[in-house]
Structure formats: structure tokens, C-alpha cells
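Enquirer: Below is the file input17.cif, which contains mmCIF, C-alpha atoms and all ligand atoms.
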data_structure
loop_
_atom_site.label_atom_id
_atom_site.label_comp_id
_atom_site.auth_asym_id
_atom_site.auth_seq_id
_atom_site.Cartn_x
_atom_site.Cartn_y
_atom_site.Cartn_z
CA MET A 1 55.69 33.74 -19.95
CA VAL A 2 54.12 30.48 -18.83
CA LEU A 3 52.41 28.54 -21.53
CA ILE A 4 49.91 26.26 -19.85
CA ALA A 5 47.95 25.05 -22.83
CA GLU A 6 49.36 23.97 -26.14
CA PRO A 7 47.60 24.64 -29.45
CA ASN A 8 44.91 22.08 -30.06
CA LEU A 9 46.22 20.72 -33.31
CA VAL A 10 43.80 17.82 -33.43
CA ALA A 11 40.76 20.04 -33.76
CA SER A 12 42.26 22.08 -36.54
CA VAL A 13 42.82 19.08 -38.82
CA THR A 14 39.59 17.24 -38.12
CA PRO A 15 37.44 17.44 -41.28
CA THR A 16 34.09 18.96 -40.54
CA ALA A 17 32.71 19.15 -44.07
CA LEU A 18 30.73 15.91 -43.85
CA SER A 19 29.14 16.58 -40.50
CA PRO A 20 28.82 20.30 -39.80
CA PRO A 21 29.37 20.99 -36.11
CA LYS A 22 26.25 21.33 -34.00
CA PRO A 23 25.61 24.97 -33.08
CA SER A 24 26.19 26.06 -29.50
CA LEU A 25 23.51 27.65 -27.35
CA ALA A 26 26.07 29.22 -25.02
CA GLY A 27 26.32 32.95 -25.60
CA LEU A 28 22.87 33.41 -27.16
CA SER A 29 20.49 36.20 -26.17
CA ARG A 30 17.09 35.35 -24.68
CA GLY A 31 15.43 35.88 -28.06
CA ALA A 32 17.92 33.70 -29.92
CA LEU A 33 17.63 31.01 -27.26
CA ARG A 34 13.84 30.93 -27.62
CA ALA A 35 14.20 30.65 -31.39
CA ALA A 36 16.61 27.73 -30.99
CA LEU A 37 14.13 25.96 -28.71
CA ALA A 38 11.26 26.62 -31.12
CA ALA A 39 13.37 25.12 -33.91
CA ILE A 40 13.47 21.75 -32.12
CA GLY A 41 9.74 21.73 -31.47
CA VAL A 42 9.32 23.26 -28.00
CA PRO A 43 5.71 24.55 -28.09
CA GLU A 44 5.16 28.29 -28.13
CA ARG A 45 3.48 28.38 -24.71
CA ARG A 46 6.51 26.75 -23.08
CA LEU A 47 9.22 28.79 -24.80
CA ARG A 48 9.57 31.51 -22.19
CA MET A 49 9.70 29.08 -19.29
CA ARG A 50 12.15 26.69 -21.00
CA ALA A 51 14.40 29.50 -22.15
CA GLY A 52 14.41 30.83 -18.57
CA GLN A 53 15.54 27.45 -17.26
CA LEU A 54 18.34 27.15 -19.78
CA TRP A 55 19.34 30.77 -19.15
CA SER A 56 20.08 30.10 -15.56
CA TRP A 57 22.01 26.87 -16.24
CA ILE A 58 24.07 28.55 -18.93
CA TYR A 59 24.67 31.97 -17.36
CA VAL A 60 24.49 31.41 -13.60
CA ARG A 61 26.00 27.96 -13.27
CA GLY A 62 28.03 27.82 -16.45
CA VAL A 63 27.17 24.20 -17.24
CA THR A 64 28.64 22.77 -20.41
CA ASP A 65 26.40 19.72 -20.86
CA PHE A 66 22.64 19.37 -21.06
CA GLU A 67 22.62 16.33 -18.75
CA SER A 68 23.26 18.57 -15.71
CA MET A 69 19.99 20.43 -16.31
CA THR A 70 18.00 18.49 -13.75
CA ASP A 71 14.79 20.51 -14.00
CA VAL A 72 14.56 19.97 -17.76
CA SER A 73 12.68 16.85 -18.89
CA LYS A 74 14.70 13.88 -20.09
CA GLU A 75 13.16 14.06 -23.56
CA LEU A 76 14.03 17.71 -24.02
CA ARG A 77 17.56 17.13 -22.74
CA ALA A 78 17.99 14.36 -25.33
CA SER A 79 16.66 16.59 -28.07
CA LEU A 80 18.92 19.46 -27.00
CA SER A 81 22.01 17.19 -27.01
CA ALA A 82 21.07 15.80 -30.41
CA ASN A 83 20.88 19.25 -31.96
CA TYR A 84 23.04 21.63 -29.98
CA THR A 85 26.10 21.94 -27.77
CA LEU A 86 27.08 24.37 -25.01
CA GLY A 87 30.52 24.86 -26.53
CA ARG A 88 32.74 27.91 -26.09
CA PRO A 89 35.34 29.35 -28.45
CA GLU A 90 38.24 26.93 -28.74
CA ILE A 91 41.38 27.83 -26.78
CA VAL A 92 44.44 27.86 -29.01
CA THR A 93 46.79 29.10 -26.30
CA GLU A 94 46.44 30.31 -22.74
CA GLN A 95 49.30 32.41 -21.43
CA VAL A 96 49.82 33.65 -17.91
CA SER A 97 52.01 36.68 -17.29
CA VAL A 98 54.35 37.04 -14.33
CA ASP A 99 51.86 39.66 -13.01
CA GLY A 100 48.89 37.26 -13.20
CA THR A 101 47.43 38.71 -16.41
CA ARG A 102 46.10 35.96 -18.66
CA LYS A 103 45.70 36.05 -22.38
CA TRP A 104 43.74 33.60 -24.44
CA LEU A 105 44.10 33.17 -28.15
CA LEU A 106 40.71 31.83 -29.20
CA ARG A 107 39.66 30.16 -32.43
CA LEU A 108 36.11 30.82 -33.57
CA THR A 109 33.87 28.51 -35.55
CA PRO A 110 34.27 29.64 -39.16
CA GLN A 111 31.29 31.27 -40.85
CA ALA A 112 30.46 30.66 -44.51
CA SER A 113 32.37 33.82 -45.46
CA ASP A 114 35.51 32.89 -43.51
CA ALA A 115 38.37 31.44 -45.55
CA LYS A 116 39.65 29.91 -42.32
CA ALA A 117 38.72 29.90 -38.65
CA PRO A 118 39.29 33.44 -37.32
CA GLU A 119 41.27 33.96 -34.14
CA ILE A 120 40.79 36.62 -31.50
CA GLU A 121 42.32 37.53 -28.17
CA THR A 122 40.81 38.04 -24.74
CA VAL A 123 42.72 39.29 -21.71
CA TYR A 124 42.04 38.99 -17.96
CA ILE A 125 43.69 41.46 -15.60
CA PRO A 126 43.45 40.63 -11.88
CA GLU A 127 44.02 43.32 -9.26
CA ALA A 128 43.74 43.14 -5.49
CA ASP A 129 40.04 44.00 -5.34
CA ARG A 130 38.76 43.59 -8.88
CA GLY A 131 39.24 41.55 -12.03
CA THR A 132 38.85 43.14 -15.45
CA LEU A 133 38.10 41.19 -18.59
CA CYS A 134 39.15 42.88 -21.82
CA ILE A 135 37.13 41.51 -24.71
CA SER A 136 37.34 41.85 -28.49
CA SER A 137 34.51 43.06 -30.71
CA GLN A 138 36.01 42.38 -34.15
CA VAL A 139 38.64 40.15 -35.69
CA GLY A 140 41.29 42.80 -36.39
CA CYS A 141 40.22 46.41 -36.97
CA THR A 142 39.46 48.43 -40.08
CA LEU A 143 40.95 51.58 -38.57
CA ASN A 144 44.68 52.05 -38.73
CA CYS A 145 45.74 53.96 -35.65
CA THR A 146 49.47 54.18 -36.19
CA PHE A 147 50.47 53.14 -32.66
CA CYS A 148 48.18 50.08 -32.50
CA HIS A 149 49.19 46.56 -33.41
CA THR A 150 45.63 45.35 -34.00
CA GLY A 151 45.21 47.94 -36.75
CA THR A 152 47.90 46.23 -38.81
CA GLN A 153 45.97 42.97 -38.98
CA ARG A 154 44.50 42.24 -42.37
CA LEU A 155 41.73 39.77 -41.60
CA VAL A 156 38.70 41.67 -40.34
CA ARG A 157 35.14 40.73 -39.57
CA ASN A 158 32.59 41.58 -36.94
CA LEU A 159 32.14 39.14 -34.09
CA THR A 160 28.64 37.80 -33.52
CA ALA A 161 26.97 38.57 -30.21
CA GLN A 162 27.47 34.92 -29.31
CA GLU A 163 31.22 35.14 -29.99
CA ILE A 164 31.47 38.24 -27.81
CA VAL A 165 29.60 36.61 -24.92
CA GLY A 166 31.59 33.40 -25.53
CA GLN A 167 34.73 35.24 -24.39
CA ILE A 168 33.12 35.95 -21.02
CA LEU A 169 31.95 32.36 -20.59
CA LEU A 170 35.35 31.01 -21.51
CA ALA A 171 37.07 33.35 -19.05
CA ARG A 172 34.64 32.38 -16.27
CA ASP A 173 35.39 28.72 -17.00
CA ARG A 174 39.13 29.20 -16.86
CA ILE A 175 39.09 31.40 -13.76
CA GLY A 176 36.52 29.28 -11.97
CA ASP A 177 34.16 32.24 -11.58
CA TRP A 178 30.76 30.58 -11.69
CA VAL A 179 28.36 31.14 -8.83
CA LEU A 180 28.42 27.54 -7.68
CA PRO A 181 31.76 27.14 -5.94
CA LYS A 182 32.61 23.82 -7.52
CA ALA A 183 31.69 24.77 -11.08
CA GLY A 184 35.14 26.11 -11.86
CA LYS A 185 36.77 22.85 -10.96
CA GLU A 186 34.60 21.03 -13.48
CA HIS A 187 36.10 23.21 -16.18
CA GLY A 188 39.62 22.43 -15.00
CA ALA A 189 40.14 26.09 -14.21
CA ALA A 190 43.05 27.58 -12.35
CA SER A 191 42.20 28.52 -8.77
CA PRO A 192 43.94 30.25 -5.87
CA GLU A 193 44.81 26.85 -4.40
CA ASP A 194 46.80 26.14 -7.54
CA GLY A 195 48.79 29.33 -6.96
CA ALA A 196 46.89 31.40 -9.54
CA PHE A 197 46.73 35.11 -8.75
CA LEU A 198 43.08 36.18 -8.41
CA PRO A 199 41.45 39.22 -6.77
CA GLY A 200 40.07 39.05 -3.24
CA SER A 201 36.59 40.10 -4.40
CA GLU A 202 33.82 37.52 -4.27
CA ARG A 203 33.45 37.54 -8.07
CA LYS A 204 36.68 37.23 -10.01
CA ILE A 205 35.44 39.07 -13.11
CA THR A 206 34.01 42.30 -11.72
CA ASN A 207 34.53 44.57 -14.76
CA ILE A 208 34.34 44.20 -18.53
CA VAL A 209 36.05 46.55 -20.97
CA LEU A 210 35.56 46.54 -24.73
CA MET A 211 39.20 47.36 -25.28
CA GLY A 212 40.43 44.25 -27.06
CA MET A 213 40.61 43.91 -30.82
CA GLY A 214 38.31 46.02 -32.95
CA GLU A 215 36.22 49.17 -32.95
CA PRO A 216 33.07 48.22 -31.01
CA LEU A 217 30.90 51.01 -32.44
CA TYR A 218 31.46 49.55 -35.93
CA ASN A 219 29.76 46.39 -34.66
CA PHE A 220 27.02 48.23 -32.80
CA GLU A 221 24.12 45.77 -32.85
CA ASN A 222 26.11 42.67 -31.97
CA VAL A 223 28.04 44.41 -29.20
CA LYS A 224 24.79 45.77 -27.80
CA GLU A 225 23.13 42.35 -27.83
CA ALA A 226 26.19 40.86 -26.10
CA ILE A 227 26.21 43.57 -23.43
CA GLU A 228 22.52 42.94 -22.69
CA VAL A 229 23.41 39.28 -22.03
CA ALA A 230 26.41 40.24 -19.87
CA ALA A 231 24.38 42.73 -17.81
CA ASP A 232 21.29 40.51 -17.36
CA GLY A 233 20.54 40.39 -13.64
CA GLU A 234 19.31 36.79 -13.83
CA GLY A 235 22.44 35.65 -15.62
CA LEU A 236 26.01 36.90 -15.87
CA SER A 237 24.99 39.99 -13.87
CA VAL A 238 27.85 42.35 -14.68
CA SER A 239 26.39 45.77 -13.96
CA LYS A 240 26.48 48.31 -16.80
CA ARG A 241 28.32 50.63 -14.43
CA ARG A 242 31.15 48.13 -14.62
CA ILE A 243 31.12 47.72 -18.38
CA THR A 244 33.13 50.23 -20.43
CA LEU A 245 33.04 50.64 -24.18
CA SER A 246 36.17 52.22 -25.63
CA THR A 247 35.94 53.96 -28.99
CA SER A 248 38.35 55.72 -31.28
CA GLY A 249 35.57 58.28 -31.77
CA ILE A 250 32.81 57.13 -34.13
CA VAL A 251 30.87 60.30 -33.41
CA PRO A 252 27.42 59.47 -34.86
CA GLU A 253 27.20 56.27 -32.81
CA ILE A 254 28.32 57.63 -29.44
CA GLY A 255 25.03 59.22 -28.39
CA ARG A 256 23.07 56.28 -29.73
CA TRP A 257 25.22 53.89 -27.70
CA GLY A 258 24.61 55.92 -24.55
CA ALA A 259 20.86 56.00 -25.15
CA GLU A 260 20.48 52.34 -26.10
CA ALA A 261 23.18 50.51 -24.16
CA ALA A 262 24.05 52.95 -21.36
CA THR A 263 27.44 51.57 -20.40
CA MET A 264 30.41 53.59 -19.27
CA LEU A 265 32.34 55.25 -22.09
CA ALA A 266 36.04 55.64 -22.83
CA ILE A 267 37.41 57.77 -25.64
CA SER A 268 40.78 57.12 -27.27
CA LEU A 269 41.84 60.76 -27.51
CA HIS A 270 45.66 60.59 -27.64
CA ALA A 271 46.16 64.10 -29.07
CA THR A 272 44.99 67.62 -28.32
CA ASN A 273 44.99 69.04 -31.86
CA ASP A 274 43.52 67.77 -35.10
CA GLY A 275 46.83 67.82 -36.99
CA LEU A 276 48.39 65.26 -34.67
CA ARG A 277 45.22 63.28 -34.06
CA ASP A 278 44.74 62.95 -37.82
CA GLN A 279 48.06 61.10 -37.86
CA LEU A 280 47.64 58.98 -34.75
CA VAL A 281 43.93 58.15 -35.04
CA PRO A 282 43.11 58.63 -38.74
CA ILE A 283 39.32 58.43 -38.19
CA ASN A 284 39.82 61.94 -36.76
CA ARG A 285 39.84 63.25 -40.34
CA LYS A 286 36.21 62.22 -40.55
CA TYR A 287 35.21 63.04 -36.95
CA PRO A 288 37.50 65.79 -35.63
CA ILE A 289 38.12 66.62 -31.99
CA ALA A 290 35.47 69.35 -31.65
CA ALA A 291 32.72 67.04 -32.93
CA LEU A 292 34.00 64.22 -30.74
CA LEU A 293 33.96 66.34 -27.58
CA GLU A 294 30.50 67.64 -28.41
CA ALA A 295 29.27 64.03 -28.57
CA CYS A 296 30.89 63.49 -25.17
CA ARG A 297 29.29 66.57 -23.60
CA THR A 298 25.87 65.27 -24.60
CA TYR A 299 26.51 61.60 -23.74
CA PRO A 300 23.30 60.31 -22.13
CA GLY A 301 23.60 59.82 -18.38
CA LEU A 302 26.84 61.80 -18.10
CA SER A 303 27.37 63.11 -14.57
CA ASN A 304 30.09 63.44 -11.96
CA ALA A 305 29.22 59.95 -10.83
CA LYS A 306 29.33 58.63 -14.39
CA ARG A 307 32.35 60.22 -16.01
CA ILE A 308 33.85 59.62 -19.40
CA THR A 309 37.36 58.21 -19.41
CA PHE A 310 39.78 59.82 -21.85
CA GLU A 311 42.63 57.57 -22.86
CA TYR A 312 45.93 59.18 -23.76
CA VAL A 313 48.77 56.98 -24.90
CA MET A 314 52.18 58.43 -23.99
CA LEU A 315 54.38 58.60 -27.10
CA LYS A 316 57.90 59.91 -26.61
CA GLY A 317 58.45 63.26 -28.29
CA VAL A 318 55.12 63.02 -30.11
CA ASN A 319 52.31 64.00 -27.72
CA ASP A 320 53.97 64.13 -24.31
CA SER A 321 55.02 67.78 -23.82
CA LEU A 322 53.77 69.75 -20.83
CA ALA A 323 52.15 72.24 -23.22
CA GLU A 324 50.06 69.30 -24.46
CA ALA A 325 49.22 68.32 -20.88
CA ARG A 326 47.87 71.84 -20.33
CA ALA A 327 46.01 71.74 -23.66
CA LEU A 328 44.45 68.43 -22.64
CA VAL A 329 43.12 69.92 -19.43
CA ARG A 330 41.73 72.96 -21.26
CA LEU A 331 40.08 70.76 -23.88
CA LEU A 332 38.22 68.66 -21.34
CA ALA A 333 37.07 71.57 -19.16
CA GLY A 334 33.39 71.20 -18.32
CA ILE A 335 33.16 67.49 -19.18
CA PRO A 336 32.90 65.13 -16.20
CA ALA A 337 36.02 63.19 -17.07
CA LYS A 338 38.72 60.84 -15.93
CA ILE A 339 42.05 60.81 -17.71
CA ASN A 340 43.98 57.59 -18.24
CA LEU A 341 47.58 58.07 -19.25
CA ILE A 342 48.66 54.85 -20.92
CA PRO A 343 52.37 54.17 -21.34
CA PHE A 344 52.80 53.13 -24.98
CA ASN A 345 53.15 49.38 -25.30
CA PRO A 346 55.71 48.59 -27.93
CA TRP A 347 55.31 45.93 -30.58
CA PRO A 348 57.79 44.74 -33.19
CA GLY A 349 58.18 47.36 -35.90
CA ALA A 350 56.17 50.03 -34.06
CA PRO A 351 57.13 53.54 -35.22
CA TYR A 352 56.96 55.00 -31.67
CA GLU A 353 58.65 54.73 -28.31
CA CYS A 354 57.10 55.01 -24.89
CA SER A 355 57.67 58.37 -23.15
CA ASP A 356 60.33 58.41 -20.44
CA TRP A 357 58.93 57.67 -17.02
CA GLU A 358 59.95 61.07 -15.66
CA GLN A 359 58.10 62.78 -18.49
CA ILE A 360 54.97 60.71 -17.84
CA GLU A 361 55.14 61.79 -14.19
CA ARG A 362 55.55 65.46 -15.10
CA PHE A 363 52.65 65.19 -17.55
CA ALA A 364 50.54 63.46 -14.88
CA ASP A 365 51.39 66.23 -12.40
CA VAL A 366 49.87 68.89 -14.67
CA VAL A 367 46.77 66.77 -15.11
CA ASN A 368 46.50 66.02 -11.39
CA LYS A 369 46.91 69.68 -10.41
CA ALA A 370 43.97 70.48 -12.68
CA GLY A 371 41.84 68.25 -10.47
CA TYR A 372 41.90 64.96 -12.32
CA ALA A 373 42.85 61.87 -10.39
CA SER A 374 44.72 60.30 -13.23
CA PRO A 375 46.61 57.25 -12.14
CA VAL A 376 49.03 56.22 -14.83
CA ARG A 377 47.88 52.82 -15.92
CA THR A 378 50.68 50.39 -15.26
CA PRO A 379 51.08 48.20 -18.29
CA ARG A 380 49.91 44.68 -17.54
CA GLY A 381 50.90 41.45 -19.19
CA ARG A 382 53.53 43.01 -21.44
CA ASP A 383 55.61 39.85 -21.31
CA ILE A 384 52.79 37.96 -23.05
CA GLN A 385 51.86 40.78 -25.46
CA ALA A 386 48.55 41.21 -23.63
CA ALA A 387 48.76 44.95 -23.03
CA CYS A 388 46.62 47.57 -24.81
CA GLY A 389 47.30 47.71 -28.50
CA GLN A 390 49.50 44.65 -28.55
CA LEU A 391 46.73 42.28 -29.50
CA LYS A 392 47.02 40.68 -32.85
CA SER A 393 46.13 37.23 -34.01
CA ALA A 394 45.94 34.98 -37.03
CA SER A 395 48.00 35.15 -40.18
CA VAL A 396 50.68 37.51 -39.07
CA ARG A 397 51.15 36.30 -35.55
CA MET A 398 54.64 36.63 -34.13
CA LYS A 399 56.95 33.70 -33.99
CA ALA A 400 57.54 32.28 -30.51
CA SER A 401 61.18 33.34 -30.74
CA GLU A 402 60.19 36.98 -31.37
CA ARG A 403 57.78 36.85 -28.44
CA ALA A 404 60.47 35.48 -26.16
CA GLY A 405 62.72 38.42 -27.10
CA LEU A 406 60.02 40.87 -26.10
CA ALA A 407 59.28 39.06 -22.87
CA THR A 408 62.69 39.84 -21.50
CA ALA A 409 63.00 43.33 -22.96
CA ALA A 410 59.61 44.90 -22.37
CA PRO A 411 58.63 44.94 -18.68
CA ALA A 412 61.32 47.35 -17.52
CA GLU A 413 60.60 49.95 -20.16
CA GLY A 414 58.31 52.74 -19.07
CA SER A 415 56.59 50.64 -16.45
CA GLY A 416 58.29 52.40 -13.57
CA SER A 417 58.67 49.19 -11.67
N1 LIG B 1 39.13 50.39 -30.93
C1 LIG B 1 38.81 50.87 -29.65
C2 LIG B 1 39.00 49.85 -28.53
C3 LIG B 1 40.22 48.97 -28.63
S1 LIG B 1 41.79 49.73 -28.40
C4 LIG B 1 39.60 52.13 -29.36
O1 LIG B 1 40.49 52.47 -30.13
O2 LIG B 1 39.29 52.79 -28.37
C5 LIG B 1 41.86 49.93 -26.63
C6 LIG B 1 42.79 51.05 -26.17
O3 LIG B 1 44.16 50.70 -26.34
C7 LIG B 1 42.59 52.33 -26.93
O4 LIG B 1 42.61 53.46 -26.07
C8 LIG B 1 43.81 52.37 -27.81
O5 LIG B 1 44.08 53.65 -28.26
C9 LIG B 1 44.85 51.81 -26.90
N2 LIG B 1 46.06 51.36 -27.57
C10 LIG B 1 46.17 50.85 -28.81
N3 LIG B 1 47.45 50.52 -29.08
C11 LIG B 1 48.18 50.84 -27.99
C12 LIG B 1 49.57 50.70 -27.65
N4 LIG B 1 50.44 50.15 -28.49
N5 LIG B 1 49.95 51.09 -26.43
C13 LIG B 1 49.07 51.59 -25.54
N6 LIG B 1 47.75 51.72 -25.79
C14 LIG B 1 47.30 51.36 -27.01
FE1 LIG B 2 41.34 49.91 -34.08
FE2 LIG B 2 41.29 50.91 -31.57
FE3 LIG B 2 43.57 49.86 -32.60
FE4 LIG B 2 42.61 52.19 -33.52
S1 LIG B 2 43.37 51.78 -31.42
S2 LIG B 2 43.40 50.47 -34.77
S3 LIG B 2 40.43 51.85 -33.42
S4 LIG B 2 41.69 48.75 -32.16
#
Is it possible to express this structure as C-alpha cells?
Expert:
Amino acid sequence: MVLIAEPNLVASVTPTALSPPKPSLAGLSRGALRAALAAIGVPERRLRMRAGQLWSWIYVRGVTDFESMTDVSKELRASLSANYTLGRPEIVTEQVSVDGTRKWLLRLTPQASDAKAPEIETVYIPEADRGTLCISSQVGCTLNCTFCHTGTQRLVRNLTAQEIVGQILLARDRIGDWVLPKAGKEHGAASPEDGAFLPGSERKITNIVLMGMGEPLYNFENVKEAIEVAADGEGLSVSKRRITLSTSGIVPEIGRWGAEAATMLAISLHATNDGLRDQLVPINRKYPIAALLEACRTYPGLSNAKRITFEYVMLKGVNDSLAEARALVRLLAGIPAKINLIPFNPWPGAPYECSDWEQIERFADVVNKAGYASPVRTPRGRDIQAACGQLKSASVRMKASERAGLATAAPAEGSGS
């Protein structure tokens, strides 16, 4: 674990009660941006044009000050600076794993209902030819999947669309992934010259997965608004084919998501019968497997080119028998699917162990022979607790000493490397 940014203690003790912080425009949708411009007196007939200008500065170039906006009049720039910022979520810590995975603990601006500033986590996973950003949709999660660390977190609220997009902006800043080559440097971002591990692709964030903290379909509208910003071809330009929403199976929202947002879909299946899934993913009691798979079969746009990913976490002695591998294949017959076998990522106090590597390989063999290319997802960033299901922030965060213990113990287990 390499800690390259210390908690910003100054910001957390600065009183803000007397002068409420200026709101940020970074992360807003087109509609919200137009409303913010109207609020400072930009005339109706200019709103579309002005919002378009700001859009490109914010989402193509990633600027963080209004002064850089050279095609915006001086008066408007002054008015924008007087009323707004282009701030991102505040970085509490930035950790870089030995495998190049980065995890940010981010502090959000508190809302009126927040007792204190909520914290969330965002993870960046570089590979040779792609870079995946794993973003959060809620602070914590109201569901209590028994193998997931996030589910044990008490503090829960939905993220705003702006807070969801803010994670992408922040990551682009830190990775130096803005279209203008020098923009990253202005943000003080890590770059390959500094020895940071980044993919060889032109863009460093090529894929976005909603697999961080929270159940995205319980925050439908905000997640949808954020995805529209992320996918906007005149802005962040991450194609919807490269955005994946992962859900524990909120059946009534699945079809609606496909129709309205049309991203790729991943389903956290993890069991092949209702008895076991009821235990592992308790929302199954409300939306059992048959109903879930029916929603998948009718997912809008589903085809061999646009398959659903089924996630299956490998829990030793719980769901990893070869009979279950065969049941999994039978269950998914007829659905254009990919299967992701995820080695269980342990966390302190977790009631499960990761399946033995040999067993994962035998399980994968059955799945592969049935025609699914199902690469076992190598756990990434385990040493910094950045892997699936390890995310947890705020009140019950681990002590640094506990984290250090895990950093030395975890990578060998179940990773096969
Ligand atoms: N709430 C959504 C998205 C976030 S969880 C969902 O459940 O799909 C992202 C993925 O990580 C899910 O497939 C989840 O089941 C998996 N996961 C959770 N805890 C895990 C753990 N400890 N080890 C491995 N995968 C885990
Ligand atoms: Fe929530 Fe997903 Fe974790 Fe379940 S696995 S508790 S739905 S974040």
C-alpha cells in the first residue's frame, strides 16, 4: 500500500456555517447547468449557447477555474466565479495498490439531512488495454448481502447525480485523462512518466462500472442522470456499451433501466437456488431467481452482442460445488450471457472464505465447457481493500493497523498468482 495523499484535516475543521460553500457546477446535467446560469441572470435566449460552452470546458477539457474559459465574456466569468465553483469531491485519501489499482476515499459536501460529511469510495483498475472506473451510487447500502462489506455500513443515502459524475471527474483529474494532453498535469495527476501504471489505450478511463458502494437501481433517477452526462458525445463520451450497471436484482427496475438508460447489465446472482440465494442476497426473498431471470430474458436490447454478465462470488463450501456449476449453466440456458466468477474478497469479520483455487478452476471448467468464456476475475487492489465488496467508508472504517495486516495477508489467497 502506498499512501500518496494524507487526509485533508484542514478542510474538515474549517467552519462553514457563516459562509456556506459556493455550489459547484462540475457534474451537473445540461438541464441543471442551464438552470444555474439562469439563476445568475443569463438571458433565456443565451442559455443553450452558454451552457454548451461551459459543457465543453467542464467535460472535454476538465478545467477547474472559470478564468480558463476564454470564449466566455469577462463579465460572465466574474459572475460565475462569484457564485459558483468547479469543485470536485474532496479527496480524503488516495491509495495505490502494488498492481496499479487506485482507490480514493472521497468526502462529499454535506446536505441539510447529513449529520456529517458522507464519505464514499471510487476505484480505478488499469489493465493493459483498458481502464475501468468503479463508481459508487449510494453512501453504504440498504441491502445486507452477507458476503459484502458495504452492506454492513450504517450510514446510507443516495448520491446526487452530481456526486456520481464528480467521481468520474475526480478520477480523470488524478489520472490525467482529459482530452488536452497537458490538462492532467494542471491537476497534479500521476502520469506514466512518474512511474504510474496506466493502460496503453488512448483514453485511460475506457469503461465505467456501477459496482462500488450501493444498489444503483435504488437510486434510479440520479444514476440515470449521471449516466447521461457520462455518455454525452460532446462531453465525457464514455459509450453506453462500456458502462455496466450491476444490480443485486431489483426486478421491477431492470426492464425500465434497459429501456430508459440502455447500458450493459450485470446481475449479482451468486446462487442457483432460492434457499441459498435468500441467505446470500436477502432481496431474493422479495424477487426470487425465476422472476429475476425473466427480467433478464426480456432486458431491452439483449442480444449475443450485448450479453448480460452474471456475477458469481466463489464462497468455499457454500456455493462452489460442481453440481452448482452445472445448475448455473442450466439456469442461464437461452439467455445471452457472460459469467464472471469472482473469488470472494475477505474483509475483517466476514463469515465466509474464498473457495480454493483448484475448486474455482474446476468450477470454471464446467462453465467453459458449456460454452461460456468465463475468465475468473483476478482480484485487484486487495492490498488496499479496493476489491469488490470490500468498500466501506465513514464511521466504521478500519484502523490503519488492521488494514496493514490485511495488506500482507490477502494477495496470496485465492488469487492464483
Ligand atoms: N449493489 C450492486 C453493485 C455493487 S456490488 C450489486 O450487488 O450488484 C458489486 C459486485 O461485488 C456485486 O456482484 C457483489 O455481489 C460483489 N461483491 C460484494 N461483496 C463481495 C466480496 N466480498 N467479494 C467478492 N465480490 C463481492
Ligand atoms: Fe448492497 Fe451490492 Fe453489497 Fe448487496 S452486494 S450489500 S446489494 S452493495
Enquirer: Please identify the residues whose atoms come within 9 Å of ligand LIG 1 (chain B), using all atoms listed in the file, and report them as a PyMOL selection string.
Expert: chain A and resi 134-137+141+143+145-151+209-217+245-249+266-270+281+310-315+340+342-347+350+352+354+379+387-391
Enquirer: Work out how far apart CA of Gln95 (chain A) and CA of Asp173 (chain A) are and give it in Å to one decimal.
Expert: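 Between CA of Gln95 (chain A) and CA of Asp173 (chain A) the gap works out to 15.1 Å.
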Enquirer: Between CA of Lys369 (chain A) and CA of Val329 (chain A), what is the distance, to one decimal in Å?
Expert: 9.8 Å
Enquirer: Please list as a list in words every residue within 10 Å of Leu328 (chain A), counting only C-alpha atoms and excluding residues in the same chain fewer than 2 positions away.
Expert: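 After dropping sequence-adjacent residues, the list is Leu269, His270, Ala271, Thr272, Asn273, Phe310, Tyr312, Leu322, Ala323, Glu324, Ala325, Arg326, Arg330, Leu331, Leu332, Ala333, Ile339, Val366 and Val367 of chain A.
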Enquirer: So which one's closest to Asp65 (chain A), A:Arg88, A:Arg242, A:Arg46, A:Arg307? Using all atoms listed in the file, please.
Expert: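 Closest residue, counting all atoms listed in the file: A:Arg88.
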Enquirer: What does the distance from CA of Glu67 (chain A) to CA of Gly52 (chain A) come to in Å, to one decimal?
Expert: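 These atoms are spaced 16.7 Å apart.
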Enquirer: Give me the residues near Glu221 (chain A) as a ChimeraX atom specification, where near means some atom within 10 Å (using all atoms listed in the file) and where sequence neighbours in that chain fewer than 3 positions away do not count.
Expert: /A:160-161,216-218,224-227,257,261
Enquirer: Which of these residues is nearest to ligand LIG 2 (chain B), using all atoms listed in the file: A:Pro375, A:Pro282, A:Pro126, A:Gly131?
Expert: A:Pro282
Enquirer: Looking at A:Glu228, A:Asp274, A:Asp383, A:Glu121, which one is nearest to ligand LIG 2 (chain B), with distances taken over all atoms listed in the file?
Expert: A:Glu121
